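> Next comes the structure file structure.txt, holding compact mmCIF, C-alpha atoms and all ligand atoms.
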# COMPACT_ATOMS: atom_id res chain seq x y z
CA MET A 1 78.49 38.84 40.54
CA SER A 2 82.22 39.46 40.58
CA ARG A 3 83.28 43.08 40.18
CA THR A 4 86.93 42.23 39.48
CA SER A 5 88.37 42.89 36.03
CA ASN A 6 91.33 41.15 34.40
CA PHE A 7 92.70 44.50 33.29
CA ARG A 8 95.14 45.96 35.78
CA LEU A 9 96.27 49.49 35.03
CA PHE A 10 99.52 49.37 36.99
CA ASP A 11 100.48 46.04 35.38
CA PHE A 12 99.77 47.43 31.93
CA ILE A 13 101.93 50.52 32.44
CA TYR A 14 104.67 48.39 34.02
CA LYS A 15 104.65 45.98 31.09
CA VAL A 16 104.70 48.70 28.44
CA LEU A 17 107.51 50.56 30.14
CA ASN A 18 109.57 47.44 30.68
CA THR A 19 109.30 46.49 27.03
CA TRP A 20 111.10 49.65 25.87
CA PRO A 21 114.38 50.36 27.62
CA ASP A 22 114.15 54.15 27.16
CA PHE A 23 110.77 54.21 28.84
CA GLN A 24 112.04 51.91 31.55
CA HIS A 25 114.80 54.41 32.27
CA SER A 26 112.28 57.27 32.55
CA LEU A 27 109.99 55.20 34.78
CA THR A 28 112.72 54.15 37.15
CA GLN A 29 114.09 57.68 37.46
CA LEU A 30 110.61 59.09 38.02
CA THR A 31 109.41 56.53 40.55
CA SER A 32 112.66 56.62 42.50
CA LEU A 33 113.13 60.40 42.31
CA GLY A 34 116.53 59.75 40.76
CA GLN A 35 117.60 57.28 43.48
CA TRP A 36 117.35 54.02 41.48
CA GLU A 37 121.07 53.53 40.86
CA LYS A 38 121.90 54.48 44.45
CA TRP A 39 119.44 51.80 45.62
CA GLN A 40 120.91 49.24 43.21
CA ASP A 41 124.40 50.02 44.49
CA ARG A 42 123.47 48.70 47.96
CA VAL A 43 124.36 45.28 46.49
CA PHE A 44 128.06 46.24 46.55
CA GLU A 45 128.04 46.23 50.37
CA ASP A 46 127.65 42.44 50.28
CA LEU A 47 129.80 41.37 47.35
CA THR A 48 133.07 39.78 48.32
CA ASP A 49 133.73 37.10 45.74
CA LYS A 50 134.22 37.63 42.07
CA LYS A 51 131.99 35.32 40.06
CA ILE A 52 128.58 36.92 39.86
CA LEU A 53 125.31 36.22 38.06
CA GLU A 54 122.85 39.08 37.67
CA ILE A 55 119.27 37.97 36.95
CA GLY A 56 116.82 40.36 35.30
CA VAL A 57 119.51 42.80 34.14
CA GLY A 58 116.99 45.09 32.39
CA PRO A 59 118.97 47.78 30.54
CA GLY A 60 122.20 46.49 32.08
CA LYS A 61 123.30 49.53 34.05
CA LEU A 62 124.13 47.64 37.23
CA LEU A 63 125.78 44.93 35.16
CA ARG A 64 128.03 47.60 33.63
CA ARG A 65 128.98 48.95 37.06
CA LEU A 66 129.74 45.40 38.24
CA ALA A 67 132.01 44.87 35.23
CA GLN A 68 133.68 48.26 35.80
CA LYS A 69 134.49 47.24 39.38
CA GLY A 70 136.26 44.13 38.11
CA TYR A 71 133.70 41.42 38.91
CA SER A 72 133.39 38.50 36.55
CA VAL A 73 129.74 38.84 35.55
CA THR A 74 127.13 36.99 33.54
CA GLY A 75 123.64 38.35 32.91
CA ILE A 76 120.21 36.80 32.45
CA GLU A 77 117.24 38.70 31.05
CA LEU A 78 113.82 37.43 30.00
CA ARG A 79 112.88 40.16 27.52
CA HIS A 80 114.70 40.27 24.17
CA GLY A 81 114.50 44.07 23.79
CA MET A 82 115.99 44.63 27.22
CA ALA A 83 118.70 42.02 26.70
CA ASP A 84 119.72 43.66 23.39
CA ASP A 85 119.85 47.08 25.01
CA ALA A 86 121.98 45.73 27.85
CA ARG A 87 124.36 44.05 25.35
CA ARG A 88 124.77 47.33 23.45
CA ARG A 89 125.43 49.26 26.67
CA ILE A 90 128.02 46.77 27.94
CA LYS A 91 129.79 46.56 24.59
CA LYS A 92 129.93 50.36 24.30
CA ALA A 93 131.57 50.47 27.72
CA GLY A 94 134.24 48.11 26.38
CA PHE A 95 133.31 44.92 28.25
CA ASP A 96 132.71 41.44 26.95
CA VAL A 97 129.90 40.02 29.10
CA ASP A 98 127.53 37.17 28.31
CA ILE A 99 123.91 38.27 28.60
CA LEU A 100 121.65 35.31 27.99
CA THR A 101 117.99 35.68 27.09
CA GLN A 102 116.63 33.20 29.63
CA SER A 103 114.33 32.90 32.57
CA ILE A 104 115.22 32.57 36.22
CA TYR A 105 113.27 29.30 36.22
CA LYS A 106 115.73 27.57 33.89
CA LEU A 107 119.26 28.85 34.36
CA PRO A 108 121.57 27.51 31.64
CA PHE A 109 124.49 26.71 33.96
CA LYS A 110 126.04 23.73 35.69
CA ASN A 111 125.65 23.21 39.44
CA GLU A 112 127.57 25.37 41.91
CA VAL A 113 129.34 27.80 39.58
CA PHE A 114 128.57 31.26 41.03
CA ASP A 115 129.74 32.96 44.23
CA CYS A 116 126.89 35.38 44.19
CA ILE A 117 123.58 36.12 42.48
CA VAL A 118 122.33 39.69 42.27
CA MET A 119 118.75 40.73 41.52
CA THR A 120 117.42 44.28 41.62
CA PHE A 121 113.72 45.08 41.31
CA ILE A 122 112.68 41.79 39.75
CA LEU A 123 111.46 39.71 42.71
CA GLY A 124 107.94 41.15 42.54
CA GLU A 125 107.60 39.73 39.02
CA ILE A 126 108.53 36.20 40.08
CA ASP A 127 105.31 34.25 40.59
CA HIS A 128 106.86 30.86 41.33
CA LEU A 129 109.41 31.84 43.93
CA ASP A 130 110.01 28.29 45.23
CA LYS A 131 111.01 27.17 41.74
CA ALA A 132 113.23 30.23 41.21
CA ILE A 133 114.99 29.77 44.57
CA LEU A 134 115.68 26.09 43.91
CA GLU A 135 117.24 27.01 40.57
CA MET A 136 119.39 29.74 42.13
CA LYS A 137 120.45 27.38 44.91
CA ARG A 138 121.53 24.84 42.30
CA VAL A 139 123.91 27.21 40.49
CA LEU A 140 125.31 28.83 43.67
CA LYS A 141 128.45 27.51 45.33
CA LYS A 142 128.24 26.48 48.99
CA SER A 143 128.18 29.64 51.15
CA GLY A 144 127.31 31.60 48.03
CA LYS A 145 124.73 34.34 48.42
CA VAL A 146 121.74 35.87 46.74
CA VAL A 147 121.62 39.65 47.14
CA VAL A 148 118.21 41.12 46.37
CA ILE A 149 117.01 44.71 46.20
CA ALA A 150 113.24 44.91 45.93
CA GLY A 151 110.24 47.08 46.60
CA GLY A 152 107.69 45.76 49.05
CA MET A 153 105.68 46.19 52.23
CA PRO A 154 108.13 47.22 54.98
CA GLN A 155 108.53 45.08 58.07
CA ASP A 156 107.22 47.90 60.29
CA LYS A 157 104.06 48.07 58.11
CA ASN A 158 104.03 51.82 58.59
CA PHE A 159 100.86 53.75 57.89
CA VAL A 160 102.06 55.54 54.74
CA ALA A 161 103.36 52.33 53.16
CA LYS A 162 100.13 50.52 53.99
CA PHE A 163 98.17 53.31 52.35
CA LEU A 164 100.36 53.31 49.22
CA PHE A 165 100.13 49.53 48.84
CA MET A 166 96.39 49.64 49.34
CA LEU A 167 96.15 52.09 46.42
CA VAL A 168 98.15 49.94 43.97
CA LYS A 169 97.01 46.52 45.21
CA SER A 170 94.04 46.05 42.90
CA HIS A 171 95.97 47.40 39.90
CA THR A 172 98.88 45.02 39.95
CA SER A 173 99.81 41.37 40.10
CA LEU A 174 103.33 42.25 41.32
CA ARG A 175 104.09 40.37 44.55
CA LEU A 176 104.63 43.41 46.73
CA GLU A 177 103.37 41.96 50.01
CA ARG A 178 104.84 38.47 49.88
CA ASP A 179 107.24 37.47 52.66
CA ASN A 180 110.22 36.72 50.41
CA VAL A 181 112.53 36.05 53.37
CA ALA A 182 110.32 33.16 54.49
CA TYR A 183 110.79 31.51 51.08
CA PHE A 184 114.58 31.72 51.25
CA SER A 185 114.58 30.43 54.83
CA LYS A 186 112.34 27.52 53.85
CA HIS A 187 114.97 26.45 51.32
CA GLY A 188 117.74 26.45 53.91
CA PHE A 189 119.26 29.89 53.29
CA GLN A 190 120.43 32.03 56.19
CA THR A 191 118.74 35.36 55.57
CA ASN A 192 118.95 38.98 56.59
CA ARG A 193 116.64 41.80 55.52
CA VAL A 194 117.10 45.55 55.81
CA ASP A 195 114.42 48.09 54.83
CA PHE A 196 115.38 51.53 53.55
CA GLY A 197 114.28 54.30 51.16
CA PRO A 198 111.17 56.46 51.47
CA PHE A 199 108.80 54.99 54.06
CA TYR A 200 111.08 51.92 54.07
CA VAL A 201 109.38 50.51 50.97
CA ILE A 202 112.70 49.31 49.49
CA ASN A 203 114.45 46.31 51.01
CA LYS A 204 117.67 44.39 50.70
CA ILE A 205 117.69 40.67 51.36
CA VAL A 206 120.94 38.77 51.68
CA ALA A 207 120.37 35.00 51.60
CA VAL A 208 123.37 32.75 52.16
CA LYS A 209 123.35 29.11 50.97
CA GLN A 210 124.27 26.79 53.87
C1 LIG B 1 111.86 46.30 36.84
S1 LIG B 1 112.99 45.55 35.77
C2 LIG B 1 114.52 45.80 36.67
C3 LIG B 1 115.71 45.75 35.78
C4 LIG B 1 117.04 46.02 36.47
N1 LIG B 1 117.40 44.92 37.33
C5 LIG B 1 117.00 47.31 37.23
O1 LIG B 1 117.07 47.29 38.48
O2 LIG B 1 116.90 48.37 36.59
C6 LIG B 1 112.74 43.78 36.00
C7 LIG B 1 113.47 42.99 34.94
O3 LIG B 1 113.38 41.60 35.27
C8 LIG B 1 113.15 40.88 34.06
N2 LIG B 1 112.48 39.62 34.38
C9 LIG B 1 111.19 39.44 34.77
N3 LIG B 1 110.91 38.15 34.97
C10 LIG B 1 112.05 37.47 34.69
C11 LIG B 1 112.41 36.08 34.68
N4 LIG B 1 111.50 35.15 34.98
N5 LIG B 1 113.66 35.73 34.35
C12 LIG B 1 114.58 36.69 34.02
N6 LIG B 1 114.31 38.00 34.00
C13 LIG B 1 113.06 38.41 34.32
C14 LIG B 1 112.27 41.83 33.25
O4 LIG B 1 112.27 41.52 31.89
C15 LIG B 1 112.87 43.18 33.57
O5 LIG B 1 113.87 43.56 32.67
Let me see whether you can do it: turn the structure in this file into C-alpha cells.
Ligand SMILES: C[S@@+](CC[C@H](N)C(=O)[O-])C[C@H]1O[C@@H](n2cnc3c(N)ncnc32)[C@H](O)[C@@H]1O


Amino acid sequence: MSRTSNFRLFDFIYKVLNTWPDFQHSLTQLTSLGQWEKWQDRVFEDLTDKKILEIGVGPGKLLRRLAQKGYSVTGIELRHGMADDARRRIKKAGFDVDILTQSIYKLPFKNEVFDCIVMTFILGEIDHLDKAILEMKRVLKKSGKVVVIAGGMPQDKNFVAKFLFMLVKSHTSLRLERDNVAYFSKHGFQTNRVDFGPFYVINKIVAVKQ
C-alpha cells in the first residue's frame, strides 16, 4: 500500500503565500534573512542591452529596479493578484510598464524581440521546462540571454544542502534538484552557472542563445 499523500505541506504554504503579495514579501524576507533583493540584483551583473522581459515578476520589485535603472522592461506574471500588485507598485514609482497576466508557456510576443529575459525564483515552479525554454528562445534575439536566479541543490552537493533538501523533498513539488543547465544546453544555449548564498543553495544561470 502506498504511504504517499497528495497533500504537501511546503507546497501549500508556498501557494498560500504566493497568492497574497504581502505574505509573499514576509516569506521572502524571512527565508532569505533579508537577502532576497540582494540575490535578485545579481542579474544586473549580466545585463548589457536594454530591452528586457521579466517572467514571474511577483510583486514587481525587481521590475521596478530595472525600470529605475533605465531598462526598457515588460513583465509577465501568472497570478492575477500578484500582477495587480506589481502594476500598482510600478505606477506608484512613476513608470509605465506593461505587465501581462500570462504564462511562460505562451508568451504573447513576436519572434526575436528581447535582448534579455530575467527570471528570479520561478524556475522551480516550471514543470515543463523544455516547453518554457523553447518559448523563451523564440522571443529572444540572436545572442540574447536568459538570466536566472534560483534556489536549488548546489553543484558541490554539500552535506548541509543535501540535508536541507532531504527535509523538504517530500513536502514539495518544486523542482529543486533538476539540472536546469542541462535543459538550456540541450536547446543550444551556451550556459554558465554560479552557486552562491548560504550553503550555495542559490544559483545564477546565464544562458546565451547561439
Ligand atoms: C517565488 S515567486 C518570485 C517572484 C519574483 N520573481 C521574486 O523574485 O520575488 C514566483 C512567481 O512566478 C510566478 N509564476 C509561476 N509560474 C509561472 C508561469 N508559468 N508563468 C509566469 N509566471 C509564473 C508566480 O505566480 C510567482 O509570482

> Hey, could you pull the box centre and edge lengths for ligand LIG 1 (chain B), axis-aligned, 3 Å padding per side, all listed atoms, to one decimal in Å, as JSON?


{"center_x": 114.2, "center_y": 41.8, "center_z": 35.2, "size_x": 12.5, "size_y": 19.2, "size_z": 12.6}

> Neighbours of ligand LIG 1 (chain B) within 6 Å, counting all atoms listed in the file, as number ranges by chain?

A: 55-58, 76-79, 82, 102-104, 120-122, 125-126

> Save out the residues we just selected, C-alpha atoms, as a PDB file, in the coordinates of the input.


ATOM      1  CA  ILE A  55     119.270  37.970  36.950  1.00  0.00           C
ATOM      2  CA  GLY A  56     116.820  40.360  35.300  1.00  0.00           C
ATOM      3  CA  VAL A  57     119.510  42.800  34.140  1.00  0.00           C
ATOM      4  CA  GLY A  58     116.990  45.090  32.390  1.00  0.00           C
ATOM      5  CA  ILE A  76     120.210  36.800  32.450  1.00  0.00           C
ATOM      6  CA  GLU A  77     117.240  38.700  31.050  1.00  0.00           C
ATOM      7  CA  LEU A  78     113.820  37.430  30.000  1.00  0.00           C
ATOM      8  CA  ARG A  79     112.880  40.160  27.520  1.00  0.00           C
ATOM      9  CA  MET A  82     115.990  44.630  27.220  1.00  0.00           C
ATOM     10  CA  GLN A 102     116.630  33.200  29.630  1.00  0.00           C
ATOM     11  CA  SER A 103     114.330  32.900  32.570  1.00  0.00           C
ATOM     12  CA  ILE A 104     115.220  32.570  36.220  1.00  0.00           C
ATOM     13  CA  THR A 120     117.420  44.280  41.620  1.00  0.00           C
ATOM     14  CA  PHE A 121     113.720  45.080  41.310  1.00  0.00           C
ATOM     15  CA  ILE A 122     112.680  41.790  39.750  1.00  0.00           C
ATOM     16  CA  GLU A 125     107.600  39.730  39.020  1.00  0.00           C
ATOM     17  CA  ILE A 126     108.530  36.200  40.080  1.00  0.00           C
TER      18      ILE A 126
END

> Quick one: distance from atom CA of Lys169 of chain A to atom CA of Met153 of chain A in Å, one decimal?

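Between atom CA of Lys169 of chain A and atom CA of Met153 of chain A the gap works out to 11.2 Å.
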
> To one decimal place, how far is atom CA of Lys51 of chain A from atom CA of Gly124 of chain A in Å?

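Going from atom CA of Lys51 of chain A over to atom CA of Gly124 of chain A, I get 24.9 Å.
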
> For Val146 of chain A, work out the shell of residues within 6 Å, counting only C-alpha atoms and skipping chain neighbours fewer than 3 positions away, then give it as a ChimeraX atom specification.

/A:116-118,206-207

> Would you list the contacts of Arg178 of chain A as a ChimeraX atom specification, taking every protein, DNA or RNA residue within 12 Å and counting all atoms listed in the file, but skipping same-chain residues closer than 3 positions in sequence?

/A:123-129,150-155,173-175,181-184

> Considering all atoms listed in the file, can you say which of A:Leu62, A:Ala161, A:Ile99, A:Ala67 comes closest to Ile202 of chain A?

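The answer is A:Ala161, which sits nearest to Ile202 of chain A.
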
> Take segment 78-113 of chain A, bring it up to N, CA and C atoms, and give me the output as an mmCIF file, in the coordinates of the input.


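Written file, selection-v2.cif:
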data_model
loop_
_atom_site.group_PDB
_atom_site.id
_atom_site.type_symbol
_atom_site.label_atom_id
_atom_site.label_comp_id
_atom_site.auth_asym_id
_atom_site.auth_seq_id
_atom_site.Cartn_x
_atom_site.Cartn_y
_atom_site.Cartn_z
ATOM 1 N N LEU A 78 114.940 38.102 30.669
ATOM 2 C CA LEU A 78 113.820 37.430 30.000
ATOM 3 C C LEU A 78 113.426 38.096 28.688
ATOM 4 N N ARG A 79 113.424 39.437 28.679
ATOM 5 C CA ARG A 79 112.880 40.160 27.520
ATOM 6 C C ARG A 79 113.990 40.453 26.492
ATOM 7 N N HIS A 80 113.693 40.103 25.230
ATOM 8 C CA HIS A 80 114.700 40.270 24.170
ATOM 9 C C HIS A 80 115.154 41.721 24.012
ATOM 10 N N GLY A 81 114.172 42.653 23.992
ATOM 11 C CA GLY A 81 114.500 44.070 23.790
ATOM 12 C C GLY A 81 115.440 44.579 24.863
ATOM 13 N N MET A 82 115.149 44.205 26.090
ATOM 14 C CA MET A 82 115.990 44.630 27.220
ATOM 15 C C MET A 82 117.385 44.013 27.111
ATOM 16 N N ALA A 83 117.405 42.718 26.793
ATOM 17 C CA ALA A 83 118.700 42.020 26.700
ATOM 18 C C ALA A 83 119.566 42.669 25.616
ATOM 19 N N ASP A 84 118.952 43.019 24.471
ATOM 20 C CA ASP A 84 119.720 43.660 23.390
ATOM 21 C C ASP A 84 120.265 45.013 23.832
ATOM 22 N N ASP A 85 119.413 45.765 24.533
ATOM 23 C CA ASP A 85 119.850 47.080 25.010
ATOM 24 C C ASP A 85 121.026 46.943 25.992
ATOM 25 N N ALA A 86 120.897 45.953 26.876
ATOM 26 C CA ALA A 86 121.980 45.730 27.850
ATOM 27 C C ALA A 86 123.270 45.327 27.115
ATOM 28 N N ARG A 87 123.153 44.473 26.103
ATOM 29 C CA ARG A 87 124.360 44.050 25.350
ATOM 30 C C ARG A 87 125.040 45.254 24.710
ATOM 31 N N ARG A 88 124.218 46.130 24.096
ATOM 32 C CA ARG A 88 124.770 47.330 23.450
ATOM 33 C C ARG A 88 125.504 48.201 24.479
ATOM 34 N N ARG A 89 124.853 48.379 25.628
ATOM 35 C CA ARG A 89 125.430 49.260 26.670
ATOM 36 C C ARG A 89 126.770 48.709 27.177
ATOM 37 N N ILE A 90 126.805 47.389 27.397
ATOM 38 C CA ILE A 90 128.020 46.770 27.940
ATOM 39 C C ILE A 90 129.153 46.818 26.907
ATOM 40 N N LYS A 91 128.777 46.563 25.657
ATOM 41 C CA LYS A 91 129.790 46.560 24.590
ATOM 42 C C LYS A 91 130.379 47.965 24.414
ATOM 43 N N LYS A 92 129.489 48.959 24.444
ATOM 44 C CA LYS A 92 129.930 50.360 24.300
ATOM 45 C C LYS A 92 130.899 50.748 25.416
ATOM 46 N N ALA A 93 130.682 50.159 26.585
ATOM 47 C CA ALA A 93 131.570 50.470 27.720
ATOM 48 C C ALA A 93 132.881 49.684 27.626
ATOM 49 N N GLY A 94 132.991 48.822 26.613
ATOM 50 C CA GLY A 94 134.240 48.110 26.380
ATOM 51 C C GLY A 94 134.376 46.776 27.109
ATOM 52 N N PHE A 95 133.252 46.204 27.543
ATOM 53 C CA PHE A 95 133.310 44.920 28.250
ATOM 54 C C PHE A 95 132.694 43.809 27.413
ATOM 55 N N ASP A 96 133.217 42.615 27.648
ATOM 56 C CA ASP A 96 132.710 41.440 26.950
ATOM 57 C C ASP A 96 131.997 40.575 27.988
ATOM 58 N N VAL A 97 130.674 40.724 28.061
ATOM 59 C CA VAL A 97 129.900 40.020 29.100
ATOM 60 C C VAL A 97 128.793 39.212 28.428
ATOM 61 N N ASP A 98 128.626 37.980 28.835
ATOM 62 C CA ASP A 98 127.530 37.170 28.310
ATOM 63 C C ASP A 98 126.219 37.608 28.949
ATOM 64 N N ILE A 99 125.255 37.975 28.102
ATOM 65 C CA ILE A 99 123.910 38.270 28.600
ATOM 66 C C ILE A 99 122.969 37.313 27.872
ATOM 67 N N LEU A 100 122.445 36.363 28.608
ATOM 68 C CA LEU A 100 121.650 35.310 27.990
ATOM 69 C C LEU A 100 120.159 35.620 28.124
ATOM 70 N N THR A 101 119.431 35.443 27.037
ATOM 71 C CA THR A 101 117.990 35.680 27.090
ATOM 72 C C THR A 101 117.350 34.405 27.640
ATOM 73 N N GLN A 102 117.108 34.407 28.933
ATOM 74 C CA GLN A 102 116.630 33.200 29.630
ATOM 75 C C GLN A 102 115.785 33.609 30.817
ATOM 76 N N SER A 103 115.144 32.628 31.389
ATOM 77 C CA SER A 103 114.330 32.900 32.570
ATOM 78 C C SER A 103 115.017 32.378 33.834
ATOM 79 N N ILE A 104 114.699 32.998 34.923
ATOM 80 C CA ILE A 104 115.220 32.570 36.220
ATOM 81 C C ILE A 104 114.840 31.126 36.529
ATOM 82 N N TYR A 105 113.755 30.656 35.909
ATOM 83 C CA TYR A 105 113.270 29.300 36.220
ATOM 84 C C TYR A 105 114.112 28.204 35.562
ATOM 85 N N LYS A 106 114.936 28.591 34.600
ATOM 86 C CA LYS A 106 115.730 27.570 33.890
ATOM 87 C C LYS A 106 117.098 28.174 33.575
ATOM 88 N N LEU A 107 117.954 28.204 34.556
ATOM 89 C CA LEU A 107 119.260 28.850 34.360
ATOM 90 C C LEU A 107 120.195 27.905 33.601
ATOM 91 N N PRO A 108 120.772 28.391 32.506
ATOM 92 C CA PRO A 108 121.570 27.510 31.640
ATOM 93 C C PRO A 108 123.015 27.340 32.140
ATOM 94 N N PHE A 109 123.159 26.881 33.388
ATOM 95 C CA PHE A 109 124.490 26.710 33.960
ATOM 96 C C PHE A 109 124.578 25.392 34.712
ATOM 97 N N LYS A 110 125.815 24.933 34.880
ATOM 98 C CA LYS A 110 126.040 23.730 35.690
ATOM 99 C C LYS A 110 125.813 24.056 37.164
ATOM 100 N N ASN A 111 125.836 23.022 37.994
ATOM 101 C CA ASN A 111 125.650 23.210 39.440
ATOM 102 C C ASN A 111 126.852 23.939 40.056
ATOM 103 N N GLU A 112 126.558 24.768 41.041
ATOM 104 C CA GLU A 112 127.570 25.370 41.910
ATOM 105 C C GLU A 112 128.701 26.082 41.160
ATOM 106 N N VAL A 113 128.313 27.067 40.338
ATOM 107 C CA VAL A 113 129.340 27.800 39.580
ATOM 108 C C VAL A 113 129.490 29.266 39.999
#
